[in-house]
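Everything below belongs to entry.cif, which stores mmCIF, N, CA and C atoms.
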```cif
data_start
loop_
_atom_site.label_atom_id
_atom_site.label_comp_id
_atom_site.auth_asym_id
_atom_site.auth_seq_id
_atom_site.Cartn_x
_atom_site.Cartn_y
_atom_site.Cartn_z
N MET A 25 113.07 109.83 34.64
CA MET A 25 112.64 108.45 34.51
C MET A 25 112.28 107.86 35.87
N ILE A 26 113.15 108.07 36.85
CA ILE A 26 112.87 107.53 38.18
C ILE A 26 111.64 108.21 38.76
N ALA A 27 111.54 109.54 38.60
CA ALA A 27 110.39 110.27 39.13
C ALA A 27 109.10 109.79 38.46
N ALA A 28 109.14 109.48 37.20
CA ALA A 28 107.95 108.98 36.50
C ALA A 28 107.52 107.64 37.08
N ASN A 29 108.50 106.79 37.40
CA ASN A 29 108.17 105.50 37.99
C ASN A 29 107.53 105.68 39.37
N TYR A 30 108.04 106.63 40.13
CA TYR A 30 107.46 106.88 41.45
C TYR A 30 106.06 107.47 41.35
N ARG A 31 105.80 108.25 40.31
CA ARG A 31 104.45 108.78 40.13
C ARG A 31 103.48 107.66 39.77
N LYS A 32 103.97 106.69 38.99
CA LYS A 32 103.11 105.55 38.64
C LYS A 32 102.89 104.62 39.83
N ASN A 33 103.94 104.44 40.62
CA ASN A 33 103.90 103.50 41.76
C ASN A 33 104.36 104.20 43.03
N PRO A 34 103.54 105.00 43.66
CA PRO A 34 103.98 105.72 44.86
C PRO A 34 104.31 104.80 46.03
N GLN A 35 103.70 103.62 46.07
CA GLN A 35 104.01 102.71 47.17
C GLN A 35 105.45 102.21 47.09
N ALA A 36 106.05 102.19 45.90
CA ALA A 36 107.44 101.77 45.77
C ALA A 36 108.36 102.76 46.47
N MET A 37 108.05 104.04 46.38
CA MET A 37 108.87 105.04 47.06
C MET A 37 108.71 104.91 48.57
N ALA A 38 107.50 104.65 49.01
CA ALA A 38 107.27 104.51 50.45
C ALA A 38 108.03 103.31 51.01
N LEU A 39 108.13 102.24 50.24
CA LEU A 39 108.84 101.06 50.71
C LEU A 39 110.35 101.29 50.78
N GLN A 40 110.86 102.24 49.98
CA GLN A 40 112.29 102.49 49.97
C GLN A 40 112.72 103.53 50.98
N LEU A 41 111.77 104.20 51.60
CA LEU A 41 112.13 105.21 52.59
C LEU A 41 112.70 104.55 53.83
N VAL A 42 113.71 105.17 54.40
CA VAL A 42 114.26 104.69 55.66
C VAL A 42 113.49 105.38 56.77
N LEU A 43 112.79 104.59 57.57
CA LEU A 43 111.99 105.15 58.63
C LEU A 43 112.75 105.06 59.94
N ASP A 44 113.13 106.20 60.47
CA ASP A 44 113.86 106.25 61.73
C ASP A 44 112.86 106.61 62.83
N PHE A 45 112.58 105.67 63.70
CA PHE A 45 111.61 105.90 64.75
C PHE A 45 112.27 106.40 66.04
N GLY A 46 113.51 106.83 65.96
CA GLY A 46 114.16 107.34 67.16
C GLY A 46 114.69 106.20 67.99
N ARG A 47 114.24 106.13 69.22
CA ARG A 47 114.70 105.06 70.11
C ARG A 47 114.30 103.70 69.56
N ALA A 48 115.10 102.72 69.86
CA ALA A 48 114.81 101.36 69.40
C ALA A 48 113.60 100.80 70.15
N LEU A 49 112.73 100.16 69.45
CA LEU A 49 111.56 99.49 69.99
C LEU A 49 110.71 100.41 70.85
N VAL A 50 110.30 101.51 70.27
CA VAL A 50 109.45 102.45 71.00
C VAL A 50 108.11 101.82 71.33
N TRP A 51 107.67 100.90 70.50
CA TRP A 51 106.36 100.28 70.70
C TRP A 51 106.36 99.34 71.90
N ALA A 52 107.55 98.93 72.36
CA ALA A 52 107.64 97.96 73.45
C ALA A 52 107.82 98.67 74.79
N THR A 53 107.03 99.68 75.04
CA THR A 53 107.13 100.40 76.30
C THR A 53 106.23 99.75 77.33
N ARG A 54 106.19 100.33 78.53
CA ARG A 54 105.35 99.76 79.58
C ARG A 54 103.88 99.88 79.17
N ARG A 55 103.06 99.14 79.82
CA ARG A 55 101.64 99.08 79.45
C ARG A 55 100.96 100.42 79.74
N PRO A 56 100.26 100.98 78.75
CA PRO A 56 99.60 102.27 78.97
C PRO A 56 98.38 102.12 79.87
N THR A 57 98.01 103.22 80.54
CA THR A 57 96.92 103.16 81.50
C THR A 57 95.63 103.75 80.95
N THR A 58 95.67 104.52 79.88
CA THR A 58 94.45 105.11 79.35
C THR A 58 93.99 104.34 78.12
N ASP A 59 92.71 104.45 77.84
CA ASP A 59 92.14 103.75 76.68
C ASP A 59 92.75 104.25 75.38
N ALA A 60 92.96 105.57 75.29
CA ALA A 60 93.52 106.13 74.06
C ALA A 60 94.94 105.62 73.84
N ALA A 61 95.73 105.59 74.90
CA ALA A 61 97.11 105.11 74.78
C ALA A 61 97.13 103.63 74.44
N ARG A 62 96.19 102.86 74.99
CA ARG A 62 96.12 101.44 74.66
C ARG A 62 95.78 101.23 73.19
N THR A 63 94.88 102.06 72.69
CA THR A 63 94.50 101.95 71.27
C THR A 63 95.68 102.30 70.38
N VAL A 64 96.40 103.37 70.73
CA VAL A 64 97.57 103.77 69.95
C VAL A 64 98.62 102.66 69.98
N ARG A 65 98.84 102.08 71.15
CA ARG A 65 99.84 101.02 71.27
C ARG A 65 99.43 99.80 70.45
N ALA A 66 98.16 99.45 70.46
CA ALA A 66 97.69 98.30 69.68
C ALA A 66 97.84 98.56 68.19
N LEU A 67 97.49 99.76 67.75
CA LEU A 67 97.63 100.07 66.32
C LEU A 67 99.09 100.11 65.90
N ARG A 68 99.93 100.66 66.78
CA ARG A 68 101.36 100.73 66.46
C ARG A 68 101.95 99.32 66.37
N GLY A 69 101.57 98.45 67.29
CA GLY A 69 102.05 97.06 67.25
C GLY A 69 101.58 96.34 66.00
N ALA A 70 100.32 96.58 65.61
CA ALA A 70 99.80 95.95 64.39
C ALA A 70 100.54 96.45 63.16
N ALA A 71 100.87 97.75 63.15
CA ALA A 71 101.60 98.31 62.01
C ALA A 71 103.01 97.72 61.92
N PHE A 72 103.68 97.60 63.05
CA PHE A 72 105.01 97.00 63.05
C PHE A 72 104.95 95.54 62.60
N LYS A 73 103.94 94.83 63.06
CA LYS A 73 103.81 93.43 62.68
C LYS A 73 103.55 93.30 61.19
N ALA A 74 102.69 94.16 60.65
CA ALA A 74 102.38 94.11 59.22
C ALA A 74 103.59 94.49 58.38
N ALA A 75 104.43 95.39 58.89
CA ALA A 75 105.61 95.82 58.15
C ALA A 75 106.76 94.82 58.27
N GLY A 76 106.60 93.86 59.15
CA GLY A 76 107.66 92.87 59.33
C GLY A 76 108.79 93.35 60.19
N ARG A 77 108.56 94.34 61.05
CA ARG A 77 109.62 94.88 61.90
C ARG A 77 109.77 94.09 63.19
N ILE A 78 108.76 93.29 63.53
CA ILE A 78 108.86 92.48 64.74
C ILE A 78 109.52 91.16 64.35
N GLN A 79 110.64 90.87 64.99
CA GLN A 79 111.35 89.63 64.72
C GLN A 79 111.45 88.85 66.02
N TRP A 80 110.79 87.72 66.05
CA TRP A 80 110.84 86.90 67.23
C TRP A 80 112.16 86.14 67.24
N PRO A 81 112.74 85.93 68.42
CA PRO A 81 114.02 85.23 68.48
C PRO A 81 113.90 83.80 67.96
N VAL A 82 114.88 83.39 67.22
CA VAL A 82 114.89 82.05 66.65
C VAL A 82 115.75 81.17 67.54
N LYS A 83 115.18 80.07 67.99
CA LYS A 83 115.92 79.17 68.86
C LYS A 83 117.01 78.47 68.05
N ALA A 84 118.22 78.53 68.58
CA ALA A 84 119.34 77.90 67.90
C ALA A 84 119.23 76.38 68.02
N ILE A 85 119.44 75.69 66.92
CA ILE A 85 119.37 74.24 66.90
C ILE A 85 120.78 73.69 67.05
N THR A 86 120.96 72.85 68.06
CA THR A 86 122.27 72.25 68.29
C THR A 86 122.42 71.05 67.37
N PRO A 87 123.52 71.00 66.61
CA PRO A 87 123.72 69.86 65.71
C PRO A 87 123.93 68.56 66.48
N ASP A 88 123.54 67.47 65.85
CA ASP A 88 123.66 66.17 66.50
C ASP A 88 125.12 65.80 66.78
N TRP A 89 126.02 66.18 65.88
CA TRP A 89 127.41 65.82 66.10
C TRP A 89 127.96 66.50 67.36
N TRP A 90 127.47 67.68 67.67
CA TRP A 90 127.93 68.37 68.87
C TRP A 90 127.40 67.69 70.13
N LYS A 91 126.13 67.26 70.07
CA LYS A 91 125.54 66.56 71.20
C LYS A 91 126.29 65.25 71.47
N GLU A 92 126.61 64.53 70.40
CA GLU A 92 127.35 63.26 70.55
C GLU A 92 128.75 63.49 71.10
N THR A 93 129.39 64.57 70.66
CA THR A 93 130.74 64.90 71.16
C THR A 93 130.69 65.24 72.63
N GLN A 94 129.70 66.01 73.04
CA GLN A 94 129.57 66.37 74.45
C GLN A 94 129.28 65.13 75.31
N ARG A 95 128.43 64.23 74.79
CA ARG A 95 128.13 63.01 75.52
C ARG A 95 129.39 62.16 75.69
N ALA A 96 130.17 62.05 74.62
CA ALA A 96 131.42 61.27 74.69
C ALA A 96 132.40 61.92 75.67
N ALA A 97 132.45 63.24 75.70
CA ALA A 97 133.34 63.93 76.64
C ALA A 97 132.92 63.68 78.08
N ARG A 98 131.61 63.68 78.34
CA ARG A 98 131.13 63.40 79.70
C ARG A 98 131.46 61.98 80.11
N GLU A 99 131.29 61.03 79.18
CA GLU A 99 131.62 59.64 79.48
C GLU A 99 133.10 59.47 79.77
N LEU A 100 133.94 60.13 78.98
CA LEU A 100 135.38 60.06 79.20
C LEU A 100 135.75 60.67 80.54
N ALA A 101 135.16 61.78 80.90
CA ALA A 101 135.44 62.40 82.20
C ALA A 101 135.03 61.48 83.34
N ALA A 102 133.89 60.79 83.19
CA ALA A 102 133.45 59.86 84.23
C ALA A 102 134.41 58.68 84.33
N GLN A 103 134.92 58.18 83.20
CA GLN A 103 135.88 57.08 83.21
C GLN A 103 137.19 57.49 83.87
N VAL A 104 137.65 58.70 83.56
CA VAL A 104 138.90 59.20 84.16
C VAL A 104 138.73 59.36 85.66
N LEU A 105 137.59 59.88 86.10
CA LEU A 105 137.34 60.03 87.53
C LEU A 105 137.29 58.68 88.22
N ALA A 106 136.60 57.72 87.60
CA ALA A 106 136.53 56.38 88.20
C ALA A 106 137.91 55.72 88.28
N ALA A 107 138.70 55.89 87.22
CA ALA A 107 140.04 55.30 87.22
C ALA A 107 140.92 55.97 88.27
N THR A 108 140.77 57.27 88.45
CA THR A 108 141.56 58.00 89.44
C THR A 108 141.18 57.55 90.86
N LEU A 109 139.89 57.37 91.11
CA LEU A 109 139.45 56.97 92.43
C LEU A 109 139.84 55.51 92.75
N GLN A 110 139.91 54.64 91.73
CA GLN A 110 140.32 53.25 91.93
C GLN A 110 141.81 53.16 92.22
N CYS A 111 142.56 54.03 91.62
CA CYS A 111 144.02 54.00 91.71
C CYS A 111 144.48 54.28 93.14
N CYS A 112 143.90 55.22 93.81
CA CYS A 112 144.41 55.66 95.12
C CYS A 112 143.74 54.97 96.23
#
```

Translate this structure into structure tokens?
Amino acid sequence: MIAANYRKNPQAMALQLVLDFGRALVWATRRPTTDAARTVRALRGAAFKAAGRIQWPVKAITPDWWKETQRAARELAAQVLAATLQCC
């Protein structure tokens, strides 16, 4: 039954294969110097991009409550410093 499904939809089997490319991020090597190597690198990068293997870092969003807490802590530290300097 499973083999029959794969014969009908061979792309489904290809999507389920685990592709081990060896070293991590082989496509992110130094810039090639020959035209052939540049073409291979461009095609490899396009294939990774199309497959969704390139993941750009997502900037972490700081919650507003944390920003307000940090601001309040800085204000308190400034007040404590001012009070300490007035005291002596």

d(atom N of Leu109 of chain A, atom CA of Ala97 of chain A) in Å:
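So the answer is 17.2 Å.
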
I'd like the box whose edges run along x, y and z of the file and which contains every listed atom of segment 91-94 of chain A, padded by 6 Å per side; could you state its centre and edge lengths in Å, one decimal, as AutoDock Vina command-line options?
```
--center_x 128.1 --center_y 65.3 --center_z 72.7 --size_x 17.2 --size_y 16.0 --size_z 17.2
```

What does the structure give for the distance between atom CA of Gln35 of chain A and atom CA of Val64 of chain A, in Å to one decimal?
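The value is 23.7 Å.
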
Could you state the separation of atom N of Ile85 of chain A and atom C of Arg98 of chain A in Å, given to one decimal place?
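Distance reported for this atom pair: 22.5 Å.
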
Could you give me the residues within segment 54-109 of chain A that DSSP places in helix (DSSP H, G or I), as a PyMOL selection string?
chain A and resi 59-75+88-109

Residues of the last selection are to be written out with N, CA and C atoms, as an mmCIF file, in the coordinates of the input.
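This went into out-v5.cif:
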```
data_model
loop_
_atom_site.group_PDB
_atom_site.id
_atom_site.type_symbol
_atom_site.label_atom_id
_atom_site.label_comp_id
_atom_site.auth_asym_id
_atom_site.auth_seq_id
_atom_site.Cartn_x
_atom_site.Cartn_y
_atom_site.Cartn_z
ATOM 1 N N ASP A 59 92.710 104.450 77.840
ATOM 2 C CA ASP A 59 92.140 103.750 76.680
ATOM 3 C C ASP A 59 92.750 104.250 75.380
ATOM 4 N N ALA A 60 92.960 105.570 75.290
ATOM 5 C CA ALA A 60 93.520 106.130 74.060
ATOM 6 C C ALA A 60 94.940 105.620 73.840
ATOM 7 N N ALA A 61 95.730 105.590 74.900
ATOM 8 C CA ALA A 61 97.110 105.110 74.780
ATOM 9 C C ALA A 61 97.130 103.630 74.440
ATOM 10 N N ARG A 62 96.190 102.860 74.990
ATOM 11 C CA ARG A 62 96.120 101.440 74.660
ATOM 12 C C ARG A 62 95.780 101.230 73.190
ATOM 13 N N THR A 63 94.880 102.060 72.690
ATOM 14 C CA THR A 63 94.500 101.950 71.270
ATOM 15 C C THR A 63 95.680 102.300 70.380
ATOM 16 N N VAL A 64 96.400 103.370 70.730
ATOM 17 C CA VAL A 64 97.570 103.770 69.950
ATOM 18 C C VAL A 64 98.620 102.660 69.980
ATOM 19 N N ARG A 65 98.840 102.080 71.150
ATOM 20 C CA ARG A 65 99.840 101.020 71.270
ATOM 21 C C ARG A 65 99.430 99.800 70.450
ATOM 22 N N ALA A 66 98.160 99.450 70.460
ATOM 23 C CA ALA A 66 97.690 98.300 69.680
ATOM 24 C C ALA A 66 97.840 98.560 68.190
ATOM 25 N N LEU A 67 97.490 99.760 67.750
ATOM 26 C CA LEU A 67 97.630 100.070 66.320
ATOM 27 C C LEU A 67 99.090 100.110 65.900
ATOM 28 N N ARG A 68 99.930 100.660 66.780
ATOM 29 C CA ARG A 68 101.360 100.730 66.460
ATOM 30 C C ARG A 68 101.950 99.320 66.370
ATOM 31 N N GLY A 69 101.570 98.450 67.290
ATOM 32 C CA GLY A 69 102.050 97.060 67.250
ATOM 33 C C GLY A 69 101.580 96.340 66.000
ATOM 34 N N ALA A 70 100.320 96.580 65.610
ATOM 35 C CA ALA A 70 99.800 95.950 64.390
ATOM 36 C C ALA A 70 100.540 96.450 63.160
ATOM 37 N N ALA A 71 100.870 97.750 63.150
ATOM 38 C CA ALA A 71 101.600 98.310 62.010
ATOM 39 C C ALA A 71 103.010 97.720 61.920
ATOM 40 N N PHE A 72 103.680 97.600 63.050
ATOM 41 C CA PHE A 72 105.010 97.000 63.050
ATOM 42 C C PHE A 72 104.950 95.540 62.600
ATOM 43 N N LYS A 73 103.940 94.830 63.060
ATOM 44 C CA LYS A 73 103.810 93.430 62.680
ATOM 45 C C LYS A 73 103.550 93.300 61.190
ATOM 46 N N ALA A 74 102.690 94.160 60.650
ATOM 47 C CA ALA A 74 102.380 94.110 59.220
ATOM 48 C C ALA A 74 103.590 94.490 58.380
ATOM 49 N N ALA A 75 104.430 95.390 58.890
ATOM 50 C CA ALA A 75 105.610 95.820 58.150
ATOM 51 C C ALA A 75 106.760 94.820 58.270
ATOM 52 N N ASP A 88 123.540 67.470 65.850
ATOM 53 C CA ASP A 88 123.660 66.170 66.500
ATOM 54 C C ASP A 88 125.120 65.800 66.780
ATOM 55 N N TRP A 89 126.020 66.180 65.880
ATOM 56 C CA TRP A 89 127.410 65.820 66.100
ATOM 57 C C TRP A 89 127.960 66.500 67.360
ATOM 58 N N TRP A 90 127.470 67.680 67.670
ATOM 59 C CA TRP A 90 127.930 68.370 68.870
ATOM 60 C C TRP A 90 127.400 67.690 70.130
ATOM 61 N N LYS A 91 126.130 67.260 70.070
ATOM 62 C CA LYS A 91 125.540 66.560 71.200
ATOM 63 C C LYS A 91 126.290 65.250 71.470
ATOM 64 N N GLU A 92 126.610 64.530 70.400
ATOM 65 C CA GLU A 92 127.350 63.260 70.550
ATOM 66 C C GLU A 92 128.750 63.490 71.100
ATOM 67 N N THR A 93 129.390 64.570 70.660
ATOM 68 C CA THR A 93 130.740 64.900 71.160
ATOM 69 C C THR A 93 130.690 65.240 72.630
ATOM 70 N N GLN A 94 129.700 66.010 73.040
ATOM 71 C CA GLN A 94 129.570 66.370 74.450
ATOM 72 C C GLN A 94 129.280 65.130 75.310
ATOM 73 N N ARG A 95 128.430 64.230 74.790
ATOM 74 C CA ARG A 95 128.130 63.010 75.520
ATOM 75 C C ARG A 95 129.390 62.160 75.690
ATOM 76 N N ALA A 96 130.170 62.050 74.620
ATOM 77 C CA ALA A 96 131.420 61.270 74.690
ATOM 78 C C ALA A 96 132.400 61.920 75.670
ATOM 79 N N ALA A 97 132.450 63.240 75.700
ATOM 80 C CA ALA A 97 133.340 63.930 76.640
ATOM 81 C C ALA A 97 132.920 63.680 78.080
ATOM 82 N N ARG A 98 131.610 63.680 78.340
ATOM 83 C CA ARG A 98 131.130 63.400 79.700
ATOM 84 C C ARG A 98 131.460 61.980 80.110
ATOM 85 N N GLU A 99 131.290 61.030 79.180
ATOM 86 C CA GLU A 99 131.620 59.640 79.480
ATOM 87 C C GLU A 99 133.100 59.470 79.770
ATOM 88 N N LEU A 100 133.940 60.130 78.980
ATOM 89 C CA LEU A 100 135.380 60.060 79.200
ATOM 90 C C LEU A 100 135.750 60.670 80.540
ATOM 91 N N ALA A 101 135.160 61.780 80.900
ATOM 92 C CA ALA A 101 135.440 62.400 82.200
ATOM 93 C C ALA A 101 135.030 61.480 83.340
ATOM 94 N N ALA A 102 133.890 60.790 83.190
ATOM 95 C CA ALA A 102 133.450 59.860 84.230
ATOM 96 C C ALA A 102 134.410 58.680 84.330
ATOM 97 N N GLN A 103 134.920 58.180 83.200
ATOM 98 C CA GLN A 103 135.880 57.080 83.210
ATOM 99 C C GLN A 103 137.190 57.490 83.870
ATOM 100 N N VAL A 104 137.650 58.700 83.560
ATOM 101 C CA VAL A 104 138.900 59.200 84.160
ATOM 102 C C VAL A 104 138.730 59.360 85.660
ATOM 103 N N LEU A 105 137.590 59.880 86.100
ATOM 104 C CA LEU A 105 137.340 60.030 87.530
ATOM 105 C C LEU A 105 137.290 58.680 88.220
ATOM 106 N N ALA A 106 136.600 57.720 87.600
ATOM 107 C CA ALA A 106 136.530 56.380 88.200
ATOM 108 C C ALA A 106 137.910 55.720 88.280
ATOM 109 N N ALA A 107 138.700 55.890 87.220
ATOM 110 C CA ALA A 107 140.040 55.300 87.220
ATOM 111 C C ALA A 107 140.920 55.970 88.270
ATOM 112 N N THR A 108 140.770 57.270 88.450
ATOM 113 C CA THR A 108 141.560 58.000 89.440
ATOM 114 C C THR A 108 141.180 57.550 90.860
ATOM 115 N N LEU A 109 139.890 57.370 91.110
ATOM 116 C CA LEU A 109 139.450 56.970 92.430
ATOM 117 C C LEU A 109 139.840 55.510 92.750
#
```
